[in-house]
Structures are given as C-alpha cells and as structure tokens.
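Shown below: start.csv, with CSV, C-alpha atoms (C1' of nucleotides) and all ligand atoms.
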chain,number,residue,atom,x,y,z
A,1,MET,CA,-16.8,-49.8,-69.7
A,2,SER,CA,-17.4,-53.2,-68.0
A,3,ARG,CA,-13.6,-53.6,-67.8
A,4,GLU,CA,-13.2,-50.3,-65.9
A,5,ARG,CA,-14.0,-51.6,-62.5
A,6,ASN,CA,-10.4,-52.3,-61.4
A,7,GLY,CA,-10.7,-53.8,-57.9
A,8,GLY,CA,-13.2,-51.4,-56.4
A,9,THR,CA,-11.1,-48.3,-56.6
A,10,PRO,CA,-13.3,-45.5,-57.9
A,11,LEU,CA,-12.3,-43.9,-61.1
A,12,ALA,CA,-11.6,-40.4,-59.9
A,13,GLU,CA,-9.4,-41.6,-57.0
A,14,ARG,CA,-6.4,-42.7,-59.0
A,15,THR,CA,-4.2,-39.6,-58.5
A,16,SER,CA,-2.0,-38.9,-55.5
A,17,ALA,CA,-3.9,-35.8,-54.5
A,18,ALA,CA,-7.2,-37.6,-54.8
A,19,LYS,CA,-5.9,-40.6,-53.0
A,20,GLY,CA,-4.7,-38.4,-50.1
A,21,LEU,CA,-8.1,-36.8,-49.9
A,22,ALA,CA,-9.9,-40.0,-50.0
A,23,ASP,CA,-7.9,-41.4,-47.1
A,24,ARG,CA,-8.3,-38.2,-45.2
A,25,LEU,CA,-12.1,-38.2,-45.7
A,26,ARG,CA,-12.5,-41.8,-44.7
A,27,ARG,CA,-10.3,-41.2,-41.6
A,28,VAL,CA,-12.7,-38.6,-40.3
A,29,GLY,CA,-15.8,-40.7,-41.2
A,30,GLN,CA,-16.7,-38.7,-44.3
A,31,ARG,CA,-17.7,-40.4,-47.6
A,32,VAL,CA,-15.6,-40.3,-50.7
A,33,THR,CA,-17.7,-39.1,-53.7
A,34,PRO,CA,-16.8,-38.1,-57.2
A,35,GLN,CA,-18.0,-34.5,-56.5
A,36,ARG,CA,-15.7,-34.1,-53.6
A,37,LEU,CA,-12.7,-35.4,-55.4
A,38,VAL,CA,-13.3,-33.2,-58.5
A,39,ILE,CA,-14.0,-30.1,-56.3
A,40,LEU,CA,-10.8,-30.6,-54.5
A,41,GLY,CA,-9.0,-31.0,-57.8
A,42,THR,CA,-10.0,-27.6,-58.9
A,43,LEU,CA,-8.4,-25.9,-55.9
A,44,SER,CA,-4.8,-25.1,-55.5
A,45,PRO,CA,-2.5,-23.2,-53.1
A,46,GLY,CA,-2.0,-19.6,-54.3
A,47,ALA,CA,-5.3,-19.4,-56.3
A,48,HIS,CA,-8.1,-17.3,-54.9
A,49,LEU,CA,-11.2,-19.0,-56.4
A,50,SER,CA,-14.8,-18.0,-55.8
A,51,ALA,CA,-17.5,-20.6,-55.3
A,52,ASP,CA,-18.7,-19.7,-58.8
A,53,ASP,CA,-15.2,-20.2,-60.3
A,54,VAL,CA,-15.1,-23.6,-58.6
A,55,PHE,CA,-18.6,-24.5,-59.9
A,56,ALA,CA,-17.6,-23.5,-63.5
A,57,ARG,CA,-14.5,-25.7,-63.4
A,58,VAL,CA,-16.2,-28.6,-61.7
A,59,GLU,CA,-19.1,-28.5,-64.2
A,60,THR,CA,-16.7,-29.3,-67.1
A,61,HIS,CA,-15.6,-32.5,-65.5
A,62,LEU,CA,-18.9,-33.4,-63.9
A,63,PRO,CA,-21.8,-32.1,-65.9
A,64,GLY,CA,-25.0,-31.8,-63.8
A,65,VAL,CA,-23.2,-31.1,-60.6
A,66,ASN,CA,-25.2,-28.7,-58.4
A,67,ARG,CA,-24.2,-25.4,-57.0
A,68,SER,CA,-25.5,-26.5,-53.5
A,69,THR,CA,-23.1,-29.4,-53.6
A,70,VAL,CA,-20.2,-27.1,-54.4
A,71,TYR,CA,-21.1,-24.8,-51.5
A,72,ARG,CA,-21.7,-27.7,-49.1
A,73,THR,CA,-18.5,-29.4,-50.1
A,74,LEU,CA,-16.4,-26.2,-49.8
A,75,GLU,CA,-17.9,-25.6,-46.3
A,76,LEU,CA,-17.0,-29.2,-45.4
A,77,PHE,CA,-13.4,-28.8,-46.6
A,78,GLY,CA,-13.2,-25.6,-44.7
A,79,ASP,CA,-14.4,-27.2,-41.5
A,80,LEU,CA,-11.9,-30.1,-42.1
A,81,GLY,CA,-9.1,-27.6,-42.4
A,82,LEU,CA,-8.3,-28.5,-46.0
A,83,ILE,CA,-9.0,-25.2,-47.5
A,84,SER,CA,-9.2,-21.5,-46.4
A,85,VAL,CA,-12.4,-19.5,-46.8
A,86,THR,CA,-11.8,-15.7,-46.9
A,87,ASP,CA,-13.7,-12.6,-47.5
A,88,LEU,CA,-11.3,-10.3,-49.3
A,89,GLY,CA,-14.0,-7.6,-49.8
A,90,GLY,CA,-14.5,-8.5,-53.4
A,91,GLY,CA,-18.2,-9.5,-53.2
A,92,ALA,CA,-17.7,-13.2,-53.0
A,93,ARG,CA,-15.6,-15.3,-50.6
A,94,VAL,CA,-12.6,-17.0,-52.0
A,95,PHE,CA,-11.4,-20.5,-51.4
A,96,GLU,CA,-7.9,-21.8,-51.5
A,97,LEU,CA,-6.1,-25.1,-50.9
A,98,ILE,CA,-4.0,-24.7,-47.7
A,99,ASP,CA,-0.3,-25.1,-48.1
A,100,GLU,CA,1.9,-22.4,-46.5
A,101,PRO,CA,-0.1,-19.8,-44.6
A,102,HIS,CA,-0.3,-16.4,-46.1
A,103,HIS,CA,-2.4,-13.3,-45.3
A,104,HIS,CA,-3.6,-10.1,-46.8
A,105,LEU,CA,-3.9,-6.4,-45.7
A,106,ILE,CA,-6.7,-4.6,-47.5
A,107,CYS,CA,-7.1,-0.9,-47.6
A,108,HIS,CA,-10.6,0.4,-46.9
A,109,ARG,CA,-10.0,3.5,-48.9
A,110,CYS,CA,-8.1,2.6,-52.1
A,111,GLY,CA,-8.6,-1.1,-52.1
A,112,ALA,CA,-4.9,-2.0,-52.3
A,113,ILE,CA,-4.1,-5.5,-51.2
A,114,LEU,CA,-0.7,-6.2,-49.6
A,115,GLU,CA,0.6,-9.6,-48.4
A,116,LEU,CA,1.2,-10.0,-44.7
A,117,ASP,CA,4.1,-12.2,-43.6
A,118,ASP,CA,2.9,-15.2,-41.5
A,119,ALA,CA,5.8,-14.6,-39.2
A,120,LEU,CA,3.9,-11.6,-37.7
A,121,VAL,CA,0.8,-13.7,-37.3
A,122,ASP,CA,2.3,-16.8,-35.7
A,123,PRO,CA,2.8,-15.2,-32.2
A,124,LEU,CA,-0.9,-14.6,-32.1
A,125,ARG,CA,-1.6,-18.2,-32.9
A,126,VAL,CA,0.8,-19.4,-30.2
A,127,ALA,CA,-0.6,-17.0,-27.6
A,128,ILE,CA,-4.2,-18.0,-28.3
A,129,ARG,CA,-3.3,-21.7,-27.9
A,130,ALA,CA,-1.3,-21.0,-24.7
A,131,ARG,CA,-4.0,-18.9,-23.1
A,132,TYR,CA,-7.2,-20.7,-24.2
A,133,GLY,CA,-6.3,-24.1,-25.5
A,134,PHE,CA,-8.1,-23.1,-28.6
A,135,VAL,CA,-6.3,-24.1,-31.8
A,136,PRO,CA,-6.9,-21.4,-34.3
A,137,ALA,CA,-6.8,-22.1,-38.1
A,138,VAL,CA,-5.5,-18.9,-39.3
A,139,ASP,CA,-4.1,-19.9,-42.7
A,140,HIS,CA,-5.4,-17.0,-44.7
A,141,LEU,CA,-6.3,-13.9,-42.8
A,142,ALA,CA,-7.8,-10.8,-44.4
A,143,LEU,CA,-7.2,-7.7,-42.3
A,144,PHE,CA,-8.8,-4.4,-43.3
A,145,GLY,CA,-7.4,-1.0,-42.5
A,146,PHE,CA,-5.6,1.9,-44.2
A,147,CYS,CA,-2.4,1.6,-46.3
A,148,ALA,CA,0.5,3.9,-45.5
A,149,ALA,CA,-0.5,6.4,-48.2
A,150,CYS,CA,-4.2,6.5,-47.3
A,151,ALA,CA,-3.5,6.6,-43.5
A,152,THR,CA,-1.6,9.8,-43.9
A,153,ALA,CA,-4.1,11.2,-46.4
A,154,THR,CA,-7.0,10.5,-44.0
A,155,ASN,CA,-5.4,12.1,-41.0
A,156,GLY,CA,-3.8,15.1,-42.6
B,1,MET,CA,-43.7,22.9,-38.4
B,2,SER,CA,-42.7,26.1,-40.3
B,3,ARG,CA,-40.9,27.2,-37.1
B,4,GLU,CA,-38.8,24.0,-37.1
B,5,ARG,CA,-36.1,25.2,-39.4
B,6,ASN,CA,-33.8,26.5,-36.6
B,7,GLY,CA,-30.8,27.9,-38.4
B,8,GLY,CA,-30.4,25.2,-41.1
B,9,THR,CA,-29.5,22.5,-38.7
B,10,PRO,CA,-31.4,19.3,-39.9
B,11,LEU,CA,-33.9,17.8,-37.4
B,12,ALA,CA,-32.1,14.5,-36.8
B,13,GLU,CA,-28.8,16.2,-36.1
B,14,ARG,CA,-29.6,17.6,-32.7
B,15,THR,CA,-28.1,14.9,-30.5
B,16,SER,CA,-24.5,14.7,-29.4
B,17,ALA,CA,-23.9,11.3,-31.2
B,18,ALA,CA,-25.5,12.5,-34.3
B,19,LYS,CA,-23.7,15.8,-34.2
B,20,GLY,CA,-20.4,14.0,-33.9
B,21,LEU,CA,-21.2,11.8,-36.8
B,22,ALA,CA,-22.4,14.8,-38.9
B,23,ASP,CA,-19.1,16.6,-38.3
B,24,ARG,CA,-17.1,13.5,-39.0
B,25,LEU,CA,-18.9,12.8,-42.3
B,26,ARG,CA,-18.5,16.4,-43.5
B,27,ARG,CA,-14.8,16.3,-42.5
B,28,VAL,CA,-14.2,13.4,-44.9
B,29,GLY,CA,-16.3,14.9,-47.6
B,30,GLN,CA,-19.4,12.8,-47.1
B,31,ARG,CA,-22.9,14.1,-47.0
B,32,VAL,CA,-25.1,14.1,-43.9
B,33,THR,CA,-28.5,12.5,-44.6
B,34,PRO,CA,-31.3,11.5,-42.3
B,35,GLN,CA,-30.8,7.9,-43.3
B,36,ARG,CA,-27.2,7.9,-42.2
B,37,LEU,CA,-27.9,9.6,-38.9
B,38,VAL,CA,-30.7,7.1,-38.0
B,39,ILE,CA,-28.7,4.1,-39.1
B,40,LEU,CA,-25.9,5.1,-36.9
B,41,GLY,CA,-28.3,5.7,-34.1
B,42,THR,CA,-29.4,2.1,-34.2
B,43,LEU,CA,-25.9,0.8,-33.6
B,44,SER,CA,-24.1,0.5,-30.3
B,45,PRO,CA,-20.9,-0.9,-28.9
B,46,GLY,CA,-21.5,-4.5,-27.6
B,47,ALA,CA,-24.5,-5.3,-29.8
B,48,HIS,CA,-24.1,-7.7,-32.7
B,49,LEU,CA,-26.7,-6.5,-35.2
B,50,SER,CA,-27.3,-8.0,-38.6
B,51,ALA,CA,-28.2,-5.8,-41.6
B,52,ASP,CA,-31.7,-7.0,-41.2
B,53,ASP,CA,-31.8,-6.0,-37.5
B,54,VAL,CA,-30.6,-2.6,-38.5
B,55,PHE,CA,-33.1,-2.3,-41.3
B,56,ALA,CA,-36.0,-3.3,-39.0
B,57,ARG,CA,-35.1,-0.7,-36.4
B,58,VAL,CA,-34.4,2.1,-38.9
B,59,GLU,CA,-37.7,1.4,-40.6
B,60,THR,CA,-39.6,2.4,-37.4
B,61,HIS,CA,-38.0,5.8,-37.4
B,62,LEU,CA,-37.8,6.3,-41.2
B,63,PRO,CA,-40.7,4.5,-42.9
B,64,GLY,CA,-39.9,3.9,-46.5
B,65,VAL,CA,-36.1,3.6,-46.1
B,66,ASN,CA,-34.7,1.0,-48.4
B,67,ARG,CA,-32.6,-2.1,-47.6
B,68,SER,CA,-30.0,-1.0,-50.2
B,69,THR,CA,-29.5,2.2,-48.4
B,70,VAL,CA,-28.9,0.3,-45.2
B,71,TYR,CA,-26.4,-1.9,-46.8
B,72,ARG,CA,-24.6,0.9,-48.6
B,73,THR,CA,-24.5,3.0,-45.4
B,74,LEU,CA,-23.2,0.2,-43.3
B,75,GLU,CA,-20.5,-0.4,-45.8
B,76,LEU,CA,-19.6,3.3,-45.8
B,77,PHE,CA,-19.4,3.4,-42.0
B,78,GLY,CA,-17.2,0.3,-42.1
B,79,ASP,CA,-14.9,1.9,-44.6
B,80,LEU,CA,-14.8,5.1,-42.5
B,81,GLY,CA,-13.8,2.9,-39.5
B,82,LEU,CA,-16.9,3.8,-37.5
B,83,ILE,CA,-18.2,0.3,-37.2
B,84,SER,CA,-16.9,-3.2,-37.4
B,85,VAL,CA,-18.2,-5.7,-39.9
B,86,THR,CA,-17.8,-9.4,-38.9
B,87,ASP,CA,-18.7,-12.8,-40.2
B,88,LEU,CA,-19.3,-14.9,-37.0
B,89,GLY,CA,-20.4,-17.8,-39.1
B,90,GLY,CA,-24.0,-17.3,-38.2
B,91,GLY,CA,-25.3,-16.8,-41.8
B,92,ALA,CA,-25.4,-13.0,-41.8
B,93,ARG,CA,-22.5,-10.6,-41.0
B,94,VAL,CA,-22.9,-8.5,-37.9
B,95,PHE,CA,-22.3,-4.8,-37.4
B,96,GLU,CA,-21.2,-3.0,-34.3
B,97,LEU,CA,-20.3,0.5,-33.3
B,98,ILE,CA,-16.6,0.6,-32.4
B,99,ASP,CA,-15.6,1.3,-28.9
B,100,GLU,CA,-13.2,-1.0,-27.1
B,101,PRO,CA,-11.9,-3.7,-29.4
B,102,HIS,CA,-13.0,-7.2,-28.6
B,103,HIS,CA,-12.7,-10.5,-30.6
B,104,HIS,CA,-14.1,-14.0,-30.9
B,105,LEU,CA,-12.8,-17.5,-31.3
B,106,ILE,CA,-15.2,-19.8,-33.0
B,107,CYS,CA,-15.1,-23.6,-33.1
B,108,HIS,CA,-15.5,-25.2,-36.5
B,109,ARG,CA,-16.8,-28.4,-34.9
B,110,CYS,CA,-19.1,-27.5,-32.0
B,111,GLY,CA,-19.8,-23.9,-32.8
B,112,ALA,CA,-18.7,-22.6,-29.4
B,113,ILE,CA,-17.8,-18.9,-29.3
B,114,LEU,CA,-15.2,-17.7,-26.9
B,115,GLU,CA,-14.1,-14.1,-26.4
B,116,LEU,CA,-10.5,-13.3,-27.2
B,117,ASP,CA,-8.6,-10.7,-25.2
B,118,ASP,CA,-7.4,-7.8,-27.3
B,119,ALA,CA,-4.2,-7.8,-25.4
B,120,LEU,CA,-3.2,-10.8,-27.4
B,121,VAL,CA,-4.1,-9.1,-30.7
B,122,ASP,CA,-2.4,-5.8,-30.0
B,123,PRO,CA,1.1,-7.0,-30.7
B,124,LEU,CA,0.0,-8.0,-34.2
B,125,ARG,CA,-1.5,-4.6,-34.8
B,126,VAL,CA,1.8,-3.0,-33.7
B,127,ALA,CA,3.9,-5.3,-35.7
B,128,ILE,CA,1.9,-4.7,-38.9
B,129,ARG,CA,2.2,-1.0,-38.5
B,130,ALA,CA,5.9,-1.1,-37.8
B,131,ARG,CA,6.6,-3.4,-40.7
B,132,TYR,CA,4.3,-2.1,-43.4
B,133,GLY,CA,3.1,1.3,-42.4
B,134,PHE,CA,-0.4,-0.2,-42.8
B,135,VAL,CA,-2.8,0.8,-40.0
B,136,PRO,CA,-5.0,-2.2,-39.4
B,137,ALA,CA,-8.5,-1.7,-38.1
B,138,VAL,CA,-8.8,-4.9,-36.1
B,139,ASP,CA,-11.5,-4.0,-33.7
B,140,HIS,CA,-13.6,-7.1,-33.9
B,141,LEU,CA,-11.8,-10.2,-35.2
B,142,ALA,CA,-13.4,-13.6,-35.7
B,143,LEU,CA,-10.9,-16.4,-35.7
B,144,PHE,CA,-12.1,-19.9,-36.5
B,145,GLY,CA,-10.4,-23.1,-35.3
B,146,PHE,CA,-11.0,-25.8,-32.7
B,147,CYS,CA,-11.8,-25.3,-29.1
B,148,ALA,CA,-9.8,-27.3,-26.5
B,149,ALA,CA,-12.3,-30.0,-26.3
B,150,CYS,CA,-12.8,-30.5,-30.0
B,151,ALA,CA,-9.1,-30.2,-30.7
B,152,THR,CA,-8.3,-33.3,-28.6
B,153,ALA,CA,-11.4,-35.1,-29.9
B,154,THR,CA,-10.3,-34.6,-33.5
B,155,ASN,CA,-6.7,-35.7,-33.0
B,156,GLY,CA,-7.3,-38.6,-30.6
C,1,DC,C1',-32.9,32.4,-50.5
C,2,DC,C1',-32.4,30.2,-55.4
C,3,DG,C1',-30.5,27.2,-58.9
C,4,DA,C1',-27.0,23.9,-60.3
C,5,DT,C1',-24.9,19.7,-59.6
C,6,DA,C1',-22.4,15.8,-57.5
C,7,DG,C1',-23.8,12.4,-55.0
C,8,DA,C1',-27.4,9.7,-52.1
C,9,DT,C1',-31.6,7.1,-52.2
C,10,DG,C1',-35.4,4.0,-53.9
C,11,DC,C1',-36.4,0.4,-56.8
C,12,DA,C1',-36.0,-3.8,-59.2
C,13,DA,C1',-33.1,-7.2,-60.9
C,14,DA,C1',-29.0,-9.9,-60.4
C,15,DC,C1',-25.8,-12.2,-57.7
C,16,DT,C1',-24.2,-14.9,-53.5
C,17,DA,C1',-25.3,-18.3,-50.1
C,18,DT,C1',-28.2,-21.5,-47.4
C,19,DC,C1',-31.9,-24.8,-46.4
C,20,DG,C1',-35.7,-28.6,-46.6
C,21,DC,C1',-36.9,-32.4,-48.7
C,22,DA,C1',-37.1,-36.3,-52.0
C,23,DT,C1',-34.0,-39.3,-54.3
C,24,DC,C1',-29.7,-41.5,-55.0
C,25,DT,C1',-25.3,-43.8,-53.5
C,26,DG,C1',-21.0,-45.0,-50.7
C,27,DC,C1',-20.0,-48.3,-47.7
C,28,DA,C1',-20.7,-51.9,-44.4
C,29,DT,C1',-22.5,-56.4,-43.7
C,30,DG,C1',-23.5,-61.1,-44.6
D,1,DC,C1',-22.3,-60.0,-55.1
D,2,DA,C1',-27.0,-58.6,-53.0
D,3,DT,C1',-29.0,-55.8,-49.4
D,4,DG,C1',-29.8,-51.9,-46.1
D,5,DC,C1',-29.2,-47.5,-44.4
D,6,DA,C1',-26.8,-43.3,-43.1
D,7,DG,C1',-25.6,-39.7,-45.4
D,8,DA,C1',-24.6,-37.1,-49.9
D,9,DT,C1',-26.7,-35.0,-53.9
D,10,DG,C1',-30.1,-32.5,-56.9
D,11,DC,C1',-33.6,-29.3,-56.9
D,12,DG,C1',-36.4,-25.6,-55.9
D,13,DA,C1',-37.3,-22.2,-52.5
D,14,DT,C1',-35.6,-18.7,-49.5
D,15,DA,C1',-32.4,-15.7,-47.3
D,16,DG,C1',-28.6,-12.4,-47.6
D,17,DT,C1',-26.1,-8.9,-50.4
D,18,DT,C1',-24.8,-6.1,-54.4
D,19,DT,C1',-25.6,-3.3,-58.6
D,20,DG,C1',-27.5,-0.3,-62.5
D,21,DC,C1',-30.3,3.3,-63.2
D,22,DA,C1',-33.8,7.0,-62.6
D,23,DT,C1',-35.0,10.2,-59.2
D,24,DC,C1',-34.3,13.1,-55.4
D,25,DT,C1',-31.6,16.1,-52.3
D,26,DA,C1',-27.5,18.0,-49.5
D,27,DT,C1',-24.4,21.2,-50.4
D,28,DC,C1',-22.2,25.0,-52.7
D,29,DG,C1',-22.0,29.5,-55.3
D,30,DG,C1',-24.3,33.4,-56.5
E,1,ZN,ZN,-4.3,-15.1,-50.5
E,2,ZN,ZN,-5.0,2.8,-49.5
E,3,ZN,ZN,-18.4,-9.3,-30.6
E,4,ZN,ZN,-15.6,-27.1,-30.2

For this file, write the structure as structure tokens.
Ligand SMILES: [Zn+2]
Ligand SMILES: [Zn+2]
Ligand SMILES: [Zn+2]
Ligand SMILES: [Zn+2]
Amino acid sequence: MSRERNGGTPLAERTSAAKGLADRLRRVGQRVTPQRLVILGTLSPGAHLSADDVFARVETHLPGVNRSTVYRTLELFGDLGLISVTDLGGGARVFELIDEPHHHLICHRCGAILELDDALVDPLRVAIRARYGFVPAVDHLALFGFCAACATATNG
Amino acid sequence: MSRERNGGTPLAERTSAAKGLADRLRRVGQRVTPQRLVILGTLSPGAHLSADDVFARVETHLPGVNRSTVYRTLELFGDLGLISVTDLGGGARVFELIDEPHHHLICHRCGAILELDDALVDPLRVAIRARYGFVPAVDHLALFGFCAACATATNG
DNA sequence: CCGATAGATGCAAACTATCGCATCTGCATG
DNA sequence: CATGCAGATGCGATAGTTTGCATCTATCGG
C-alpha cells in the first residue's frame, strides 16, 4: 500500500464525477472527504433514493460510515444545489442528483404520481427572480392535489 | 349531565366551525369524533403550528389524547384539503388551516424567509389543471433557493 | 333505544432525522 | 515532510413521525 500515494491525489478522487465534486467543494471552501465522494457516487439523476438507501450503499464501500454523516452530507449537497431533497409523501424524503429538472404531481386520494413538465414551472421561476431577486432552486417539485379521476369523484 | 344529550348532537359539535367540519367529514364518509373536532379547533389561518404545538393545545381540552391521533388526524385533514402541511426547513413540518393561499421563499444559505405572492403561483395552478386535469392544492408552498444577497455572494 | 361492525383511538415499538460533544483528519503553512 | 487547527466524522442521545395491534366507539339497521 505504500506505493498507492500517487502525488497526493486521494484514492477515491480518481473518477471524473468525483474530480468534479472535489473541485466544486474546494471552490466553495468545503473539504473533500472520502465519505462525501462515496455518498455522491451513490446518487444519480432519475433515481429517488432515501437516506437509508444511500446509507446502505455507502456502507458497502465505506464500512463504519455513520448515518449522521450521511444525513449531514446530503443536507450539505442539498444546500450546495448538487442534489434535490423532496418529500413525495412516502414516509422518507428522497434525494436525487440534479440534472434536468423534473417534477411530480401526487394525488392525495389515490396516491397516483404523475410527472410534471418543467416547462410549466419555469415561468414561476422566472417571475420569482424578476419580482424578488430570489433565485429559487426548484429542480424537483412535489405538488399534492387530486388527479383528474379523483377530482371528479370527490366533487360529484 | 343526563340532560346534556340534546337530540343526539355531540357536545363538541355545537359551534359553527365544528358544525361545518362535521358536515364535511360525513359528506366524504369520515366519522366525526371529539378528537377531530378539537384538533381542527386548534388550527387557524395564518398560524404555523407544529404537530407538537397542536398536541399541546389539544391536550388541554382533551386530556389523554394521543400523539398518534394528532398525527393521523392532521394527515387526514391534509388529504381532505382542509389544512396545508409544509416543511419550512425548521425541523418540524407546520400545519395551517387553509384560507387565502400564501407561500414562502427560504434561503438555503442565510435562512431568510420571504413571502411569495400567490399571484405568481396561480398561473402554474391553472396551467397544471389545463394540461393534466390534475387539481393541485398549492395553498402554502415553500420554495428553497438563494435570496438576492446570498445569490450574488455565492456567484461573486 | 340496542346490537353489530367498520373504522378511530391509545399504546408501544419502530422508523426517520437532528444535535452535542469528543475525536479524528483535510489542508494550509513553514 | 512535520505541525496546527478549523472543520468533518463517529457516537449516543434526543426529537419528530409512522405503524401494528388490541380496544373502544360512531354510525347504521332493526
Ligand atoms: Zn422525481
Ligand atoms: Zn387520484
Ligand atoms: Zn405561511
Ligand atoms: Zn440568503
């Protein structure tokens, strides 16, 4: 193992995704740790993972990692805008690497989940920015309500 | 107390708000219980109450009521569209009786909370309904992002 | 008004998430 | 490469939320 120390670059950092994260963390004054790199590695765009899902996957690569670290790191990544954090009503919040924004409509009555086109959401983003100077990070919205079927069933 | 049974109308139901709720519950096939009436009574438009706030208030009127009942009832009311359920990032979700919709913008970096005019949100509501037939219940949105000050600080 | 029953509540345990503090480590400095 | 320290992690405690099950009750039919 003494030959592994190739020029100071940490082991886990030698993939493009990890390299990108490492740079990004350093740029905002955050430290690069093995835990953070592995936790990021378990996330991907399009996958809704719970904190426990992430913990389970991370544990196989980094035995001994702690749940608190997973939670704290996921919160950090959320604050940095790297991942979305969403309550889809399934008991635990889900985390997802941000790529193209996408959103969900969830029926209060039957639980159906539809996908919502970001094109409908973008005007809101723009309007908020124009009116308040606030830059919203709406990459993965979950809106509750009633699907077409349940809406008519409820009223009639 | 034997003279209290006035025509089968339960004790707690003799206020206009409670009467309205009782009717509404029966209309959707839900039972009317003292717990539900008192829990609704603790909520009001404009007040952000946590589940624990609600529990504390309910307990003074109904000693012995259980936390689970409060949680289950709040979820029921949320599903029925009576109250909004929102994660403002403060640790516990907040519940509020629905009246006029209002929304919040929350800064990831400094924690500032601005109010968001529903006029900016309404077009989204309308567009979703038009496109999907889905009737969204967006009465109390919480959108995270960066406030004007923090947005410039982060980029520059 | 009584009895039957679907469904609500109480209770305890499990699950989800956060926090304080001691220890460890990434990173800067010389 | 050694040293120092701010900050990250591990750990246990605590807060917040959900669930399974036994019991109780609102509601309905008689
Ligand atoms: Zn999604
Ligand atoms: Zn539905
Ligand atoms: Zn509010
Ligand atoms: Zn801010």

Test item: chain A residues at most 10 Å from chain C, counting all atoms listed in the file, as a PDB file with C-alpha atoms, in the coordinates of the input:
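As written to disk, selection-v7.pdb reads:
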ATOM      1  CA  GLN A  30     -16.700 -38.700 -44.300  1.00  0.00           C
ATOM      2  CA  ARG A  31     -17.700 -40.400 -47.600  1.00  0.00           C
ATOM      3  CA  VAL A  32     -15.600 -40.300 -50.700  1.00  0.00           C
ATOM      4  CA  THR A  33     -17.700 -39.100 -53.700  1.00  0.00           C
ATOM      5  CA  ALA A  51     -17.500 -20.600 -55.300  1.00  0.00           C
ATOM      6  CA  ASP A  52     -18.700 -19.700 -58.800  1.00  0.00           C
ATOM      7  CA  ARG A  67     -24.200 -25.400 -57.000  1.00  0.00           C
ATOM      8  CA  SER A  68     -25.500 -26.500 -53.500  1.00  0.00           C
ATOM      9  CA  TYR A  71     -21.100 -24.800 -51.500  1.00  0.00           C
ATOM     10  CA  ARG A  72     -21.700 -27.700 -49.100  1.00  0.00           C
ATOM     11  CA  GLY A  91     -18.200  -9.500 -53.200  1.00  0.00           C
ATOM     12  CA  ALA A  92     -17.700 -13.200 -53.000  1.00  0.00           C
ATOM     13  CA  ARG A  93     -15.600 -15.300 -50.600  1.00  0.00           C
TER      14      ARG A  93
END

If the cut-off is 6 Å, can you tell me the residues of chain A near chain B, counting all atoms listed in the file? I'd like them as a PyMOL selection string. chain A and resi 79+108+133-137+144-148

Could you please select, counting all atoms listed in the file, the residues of chain D within 12 Å of chain B and state them as a PDB file with C-alpha atoms (C1' of nucleotides), keeping the file's coordinate frame?
ATOM      1  C1'  DA D  15     -32.400 -15.700 -47.300  1.00  0.00           C
ATOM      2  C1'  DG D  16     -28.600 -12.400 -47.600  1.00  0.00           C
ATOM      3  C1'  DT D  17     -26.100  -8.900 -50.400  1.00  0.00           C
ATOM      4  C1'  DT D  18     -24.800  -6.100 -54.400  1.00  0.00           C
ATOM      5  C1'  DT D  19     -25.600  -3.300 -58.600  1.00  0.00           C
ATOM      6  C1'  DT D  25     -31.600  16.100 -52.300  1.00  0.00           C
ATOM      7  C1'  DA D  26     -27.500  18.000 -49.500  1.00  0.00           C
ATOM      8  C1'  DT D  27     -24.400  21.200 -50.400  1.00  0.00           C
TER       9       DT D  27
END

What residues of the protein or nucleic acid chains come within 7 Å of ligand ZN 1 (chain E) when you use only C-alpha atoms (C1' of nucleotides) and all ligand atoms? Reply as a ChimeraX atom specification. /A:46,48,102-104,140

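Reported to one decimal place, the separation of atom CA of B:Val58 from atom CA of B:Leu25 is 19.1 Å.
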
Quick one: pull the distance between atom CA of B:Leu37 and atom CA of A:Gly90, Å, one decimal. 26.8 Å

Interatomic distance between atom CA of A:Glu59 and atom CA of A:Asp99? 25.0 Å
